[in-house]
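Enquirer: Sending over start-v1.txt (compact mmCIF, N, CA, C and O atoms).
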```
# COMPACT_ATOMS: atom_id res chain seq x y z
N MET A 15 0.86 -1.17 0.00
CA MET A 15 0.00 0.00 0.00
C MET A 15 0.90 1.22 0.00
O MET A 15 1.83 1.31 0.77
N THR A 16 0.58 2.18 -0.86
CA THR A 16 1.40 3.38 -0.91
C THR A 16 1.09 4.28 0.26
O THR A 16 0.08 4.12 0.95
N THR A 17 1.97 5.20 0.48
CA THR A 17 1.80 6.13 1.61
C THR A 17 0.53 6.94 1.45
O THR A 17 -0.19 7.16 2.41
N ARG A 18 0.24 7.35 0.21
CA ARG A 18 -0.96 8.15 -0.04
C ARG A 18 -2.22 7.35 0.26
O ARG A 18 -3.15 7.83 0.89
N ASN A 19 -2.25 6.09 -0.17
CA ASN A 19 -3.41 5.23 0.09
C ASN A 19 -3.58 4.97 1.58
O ASN A 19 -4.69 4.93 2.09
N LYS A 20 -2.46 4.78 2.26
CA LYS A 20 -2.52 4.54 3.71
C LYS A 20 -3.05 5.77 4.44
O LYS A 20 -3.88 5.66 5.33
N GLU A 21 -2.60 6.93 4.02
CA GLU A 21 -3.08 8.17 4.65
C GLU A 21 -4.56 8.36 4.38
O GLU A 21 -5.31 8.78 5.26
N ALA A 22 -5.01 8.04 3.17
CA ALA A 22 -6.44 8.17 2.84
C ALA A 22 -7.27 7.19 3.67
O ALA A 22 -8.35 7.54 4.17
N ALA A 23 -6.77 5.97 3.82
CA ALA A 23 -7.49 4.97 4.63
C ALA A 23 -7.54 5.42 6.08
O ALA A 23 -8.59 5.28 6.74
N ASP A 24 -6.44 5.94 6.60
CA ASP A 24 -6.42 6.42 7.98
C ASP A 24 -7.40 7.58 8.16
O ASP A 24 -8.09 7.66 9.18
N GLN A 25 -7.47 8.47 7.17
CA GLN A 25 -8.38 9.60 7.24
C GLN A 25 -9.83 9.13 7.25
O GLN A 25 -10.65 9.62 8.01
N ARG A 26 -10.15 8.12 6.42
CA ARG A 26 -11.51 7.57 6.40
C ARG A 26 -11.87 6.95 7.75
O ARG A 26 -12.98 7.07 8.23
N LYS A 27 -10.91 6.28 8.38
CA LYS A 27 -11.16 5.68 9.70
C LYS A 27 -11.45 6.77 10.72
O LYS A 27 -12.34 6.63 11.55
N LEU A 28 -10.68 7.86 10.66
CA LEU A 28 -10.90 8.96 11.60
C LEU A 28 -12.27 9.60 11.36
O LEU A 28 -12.97 9.93 12.32
N GLU A 29 -12.65 9.78 10.10
CA GLU A 29 -13.96 10.35 9.81
C GLU A 29 -15.07 9.42 10.28
O GLU A 29 -16.08 9.87 10.82
N LEU A 30 -14.88 8.14 10.10
CA LEU A 30 -15.87 7.17 10.55
C LEU A 30 -16.00 7.22 12.07
O LEU A 30 -17.09 7.22 12.61
N ARG A 31 -14.90 7.30 12.76
CA ARG A 31 -14.94 7.37 14.22
C ARG A 31 -15.63 8.64 14.67
O ARG A 31 -16.39 8.64 15.63
N ALA A 32 -15.35 9.76 14.01
CA ALA A 32 -15.98 11.02 14.37
C ALA A 32 -17.49 10.94 14.17
O ALA A 32 -18.27 11.39 15.01
N SER A 33 -17.93 10.32 13.08
CA SER A 33 -19.37 10.19 12.85
C SER A 33 -19.98 9.23 13.85
O SER A 33 -21.13 9.41 14.27
N ASP A 34 -19.24 8.19 14.24
CA ASP A 34 -19.75 7.24 15.25
C ASP A 34 -19.95 7.94 16.58
O ASP A 34 -20.92 7.66 17.29
N ILE A 35 -19.06 8.83 16.93
CA ILE A 35 -19.16 9.54 18.21
C ILE A 35 -20.42 10.39 18.24
O ILE A 35 -21.10 10.49 19.25
N LEU A 36 -20.76 10.99 17.10
CA LEU A 36 -21.93 11.86 17.04
C LEU A 36 -23.23 11.09 16.87
O LEU A 36 -24.30 11.63 17.09
N ASP A 37 -23.15 9.83 16.47
CA ASP A 37 -24.35 9.02 16.24
C ASP A 37 -24.97 8.63 17.57
O ASP A 37 -24.35 7.97 18.39
N PRO A 38 -26.23 9.03 17.82
CA PRO A 38 -26.86 8.70 19.10
C PRO A 38 -27.02 7.20 19.32
O PRO A 38 -26.92 6.73 20.45
N ASN A 39 -27.23 6.43 18.25
CA ASN A 39 -27.35 4.98 18.41
C ASN A 39 -26.04 4.38 18.88
O ASN A 39 -26.04 3.45 19.69
N ASN A 40 -24.94 4.89 18.38
CA ASN A 40 -23.64 4.39 18.82
C ASN A 40 -23.40 4.73 20.28
O ASN A 40 -22.88 3.92 21.04
N GLN A 41 -23.78 5.93 20.69
CA GLN A 41 -23.62 6.34 22.08
C GLN A 41 -24.43 5.44 23.01
O GLN A 41 -23.97 5.04 24.08
N ILE A 42 -25.64 5.11 22.59
CA ILE A 42 -26.48 4.21 23.39
C ILE A 42 -25.83 2.84 23.48
O ILE A 42 -25.78 2.23 24.56
N GLY A 43 -25.29 2.36 22.37
CA GLY A 43 -24.62 1.06 22.36
C GLY A 43 -23.43 1.02 23.28
O GLY A 43 -23.22 0.05 24.02
N VAL A 44 -22.65 2.08 23.27
CA VAL A 44 -21.46 2.14 24.14
C VAL A 44 -21.89 2.11 25.61
O VAL A 44 -21.32 1.39 26.42
N LYS A 45 -22.92 2.88 25.94
CA LYS A 45 -23.39 2.91 27.33
C LYS A 45 -23.98 1.57 27.76
O LYS A 45 -23.76 1.12 28.89
N LEU A 46 -24.72 0.94 26.86
CA LEU A 46 -25.28 -0.38 27.19
C LEU A 46 -24.20 -1.42 27.40
O LEU A 46 -24.29 -2.24 28.31
N ARG A 47 -23.16 -1.38 26.56
CA ARG A 47 -22.05 -2.34 26.72
C ARG A 47 -21.34 -2.13 28.05
O ARG A 47 -20.99 -3.08 28.73
N SER A 48 -21.15 -0.86 28.44
CA SER A 48 -20.47 -0.62 29.71
C SER A 48 -21.35 -1.04 30.89
O SER A 48 -20.86 -1.57 31.88
N LEU A 49 -22.66 -0.83 30.78
CA LEU A 49 -23.57 -1.26 31.84
C LEU A 49 -23.59 -2.78 31.95
O LEU A 49 -23.56 -3.33 33.06
N TYR A 50 -23.62 -3.46 30.82
CA TYR A 50 -23.63 -4.92 30.81
C TYR A 50 -22.32 -5.46 31.41
O TYR A 50 -22.34 -6.40 32.20
N ALA A 51 -21.21 -4.84 31.06
CA ALA A 51 -19.92 -5.28 31.60
C ALA A 51 -19.88 -5.09 33.11
O ALA A 51 -19.39 -5.96 33.84
N ALA A 52 -20.44 -3.99 33.60
CA ALA A 52 -20.46 -3.75 35.04
C ALA A 52 -21.35 -4.77 35.74
O ALA A 52 -21.01 -5.26 36.83
N ALA A 53 -22.47 -5.12 35.13
CA ALA A 53 -23.37 -6.11 35.73
C ALA A 53 -22.72 -7.48 35.76
O ALA A 53 -22.94 -8.25 36.70
N GLN A 54 -21.92 -7.81 34.74
CA GLN A 54 -21.24 -9.10 34.71
C GLN A 54 -20.23 -9.23 35.84
O GLN A 54 -19.97 -10.32 36.33
N GLU A 55 -19.65 -8.12 36.24
CA GLU A 55 -18.61 -8.16 37.27
C GLU A 55 -19.17 -8.23 38.68
O GLU A 55 -18.45 -8.55 39.62
N GLU A 56 -20.46 -7.95 38.84
CA GLU A 56 -21.07 -7.98 40.17
C GLU A 56 -21.17 -9.42 40.66
O GLU A 56 -21.42 -10.35 39.90
N ALA A 57 -21.01 -9.60 41.95
CA ALA A 57 -21.14 -10.93 42.56
C ALA A 57 -22.61 -11.29 42.70
O ALA A 57 -23.47 -10.42 42.86
N ILE A 58 -22.90 -12.57 42.63
CA ILE A 58 -24.27 -13.05 42.81
C ILE A 58 -24.56 -13.07 44.31
O ILE A 58 -23.79 -13.66 45.08
N PRO A 59 -25.65 -12.46 44.75
CA PRO A 59 -25.96 -12.42 46.18
C PRO A 59 -26.17 -13.83 46.74
O PRO A 59 -26.71 -14.71 46.07
N ASP A 60 -25.72 -14.03 47.98
CA ASP A 60 -25.85 -15.34 48.63
C ASP A 60 -27.31 -15.77 48.72
O ASP A 60 -27.62 -16.96 48.57
N ARG A 61 -28.21 -14.84 48.96
CA ARG A 61 -29.63 -15.17 49.07
C ARG A 61 -30.13 -15.79 47.76
O ARG A 61 -30.91 -16.74 47.77
N PHE A 62 -29.71 -15.23 46.64
CA PHE A 62 -30.13 -15.75 45.35
C PHE A 62 -29.55 -17.14 45.12
O PHE A 62 -30.24 -18.03 44.62
N LEU A 63 -28.29 -17.35 45.50
CA LEU A 63 -27.67 -18.67 45.35
C LEU A 63 -28.39 -19.71 46.21
O LEU A 63 -28.59 -20.85 45.78
N ASP A 64 -28.79 -19.32 47.42
CA ASP A 64 -29.54 -20.23 48.29
C ASP A 64 -30.88 -20.62 47.66
O ASP A 64 -31.28 -21.78 47.70
N LEU A 65 -31.56 -19.64 47.06
CA LEU A 65 -32.83 -19.93 46.40
C LEU A 65 -32.64 -20.88 45.22
O LEU A 65 -33.45 -21.79 45.01
N LEU A 66 -31.56 -20.71 44.47
CA LEU A 66 -31.28 -21.61 43.35
C LEU A 66 -31.00 -23.03 43.83
O LEU A 66 -31.44 -24.00 43.22
N GLU A 67 -30.29 -23.15 44.94
CA GLU A 67 -30.01 -24.48 45.51
C GLU A 67 -31.31 -25.15 45.95
O GLU A 67 -31.51 -26.36 45.72
N LYS A 68 -32.21 -24.39 46.59
CA LYS A 68 -33.49 -24.95 47.01
C LYS A 68 -34.32 -25.39 45.81
O LYS A 68 -34.98 -26.43 45.86
N LEU A 69 -34.28 -24.61 44.75
CA LEU A 69 -35.01 -24.98 43.54
C LEU A 69 -34.45 -26.26 42.93
O LEU A 69 -35.22 -27.15 42.54
N ASP A 70 -33.13 -26.37 42.87
CA ASP A 70 -32.51 -27.61 42.36
C ASP A 70 -32.93 -28.81 43.19
O ASP A 70 -33.27 -29.87 42.65
N HIS A 71 -32.91 -28.65 44.49
CA HIS A 71 -33.30 -29.75 45.39
C HIS A 71 -34.76 -30.13 45.17
O HIS A 71 -35.10 -31.33 45.09
N ALA A 72 -35.63 -29.14 45.05
CA ALA A 72 -37.05 -29.41 44.85
C ALA A 72 -37.28 -30.11 43.50
O ALA A 72 -38.11 -31.03 43.42
N GLU A 73 -36.55 -29.71 42.47
CA GLU A 73 -36.69 -30.35 41.16
C GLU A 73 -36.21 -31.80 41.20
O GLU A 73 -36.82 -32.69 40.60
N MET A 74 -35.12 -32.06 41.93
CA MET A 74 -34.62 -33.43 42.05
C MET A 74 -35.62 -34.30 42.80
O MET A 74 -35.87 -35.45 42.42
N MET A 75 -36.23 -33.77 43.84
CA MET A 75 -37.22 -34.53 44.61
C MET A 75 -38.46 -34.82 43.74
O MET A 75 -38.99 -35.92 43.79
N ALA A 76 -38.88 -33.84 42.97
CA ALA A 76 -40.06 -34.03 42.10
C ALA A 76 -39.77 -35.06 41.02
O ALA A 76 -40.61 -35.92 40.73
N SER A 77 -38.58 -35.03 40.44
CA SER A 77 -38.25 -36.00 39.40
C SER A 77 -38.10 -37.40 40.00
O SER A 77 -38.40 -38.40 39.36
N ALA A 78 -37.63 -37.50 41.25
CA ALA A 78 -37.51 -38.80 41.91
C ALA A 78 -38.90 -39.39 42.19
O ALA A 78 -39.09 -40.61 42.04
N LYS A 79 -39.86 -38.56 42.55
CA LYS A 79 -41.22 -39.03 42.81
C LYS A 79 -41.87 -39.50 41.51
O LYS A 79 -42.61 -40.47 41.51
N ILE A 80 -41.61 -38.81 40.42
CA ILE A 80 -42.18 -39.19 39.12
C ILE A 80 -41.59 -40.52 38.66
O ILE A 80 -42.29 -41.36 38.09
N ALA A 81 -40.32 -40.74 38.95
CA ALA A 81 -39.65 -41.97 38.53
C ALA A 81 -40.14 -43.19 39.26
O ALA A 81 -40.04 -44.30 38.79
N GLU A 82 -40.71 -42.99 40.45
CA GLU A 82 -41.17 -44.15 41.25
C GLU A 82 -42.39 -44.78 40.71
O GLU A 82 -43.17 -44.71 40.04
```
Would you mind giving the structure from this file in C-alpha cells?
Expert:
Amino acid sequence: MTTRNKEAADQRKLELRASDILDPNNQIGVKLRSLYAAAQEEAIPDRFLDLLEKLDHAEMMASAKIAE
C-alpha cells in the first residue's frame, strides 16, 4: 500500500470514528455495553444462590417421585 493510500485509509477511519461519536445509536450502544460489563462483574448475592439451591433440590425430589 502506498503512503498516499494509507493516509487516505487512515483519514476515512478517523472520519468514521468522528461520525460514530456523534451518532446517538452508537452512544447508546457504548453505554449499554459498559452497563452490561459492570453487571457481569457484580457478585451473585448469597440469598439468590440459596434460592437456586433450594429450587434444584425441589426439582430433584419431584423427578424422583415421578420416577417411582
Enquirer: Calculate how many Å separate atom CA of A:Ala57 from atom O of A:Lys45, rounding to one decimal.
Expert: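 Distance reported for this atom pair: 18.4 Å.
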Enquirer: Between atom C of A:Arg61 and atom O of A:Leu46, measure the distance and give it in Å to one decimal.
Expert: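 If I compute the distance from atom C of A:Arg61 to atom O of A:Leu46, I get 24.4 Å.
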Enquirer: If you measure from atom CA of A:Asn39 to atom CA of A:Lys20, what distance in Å do you get, rounded to one decimal?
Expert: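 We find that atom CA of A:Asn39 and atom CA of A:Lys20 lie 28.9 Å from each other.
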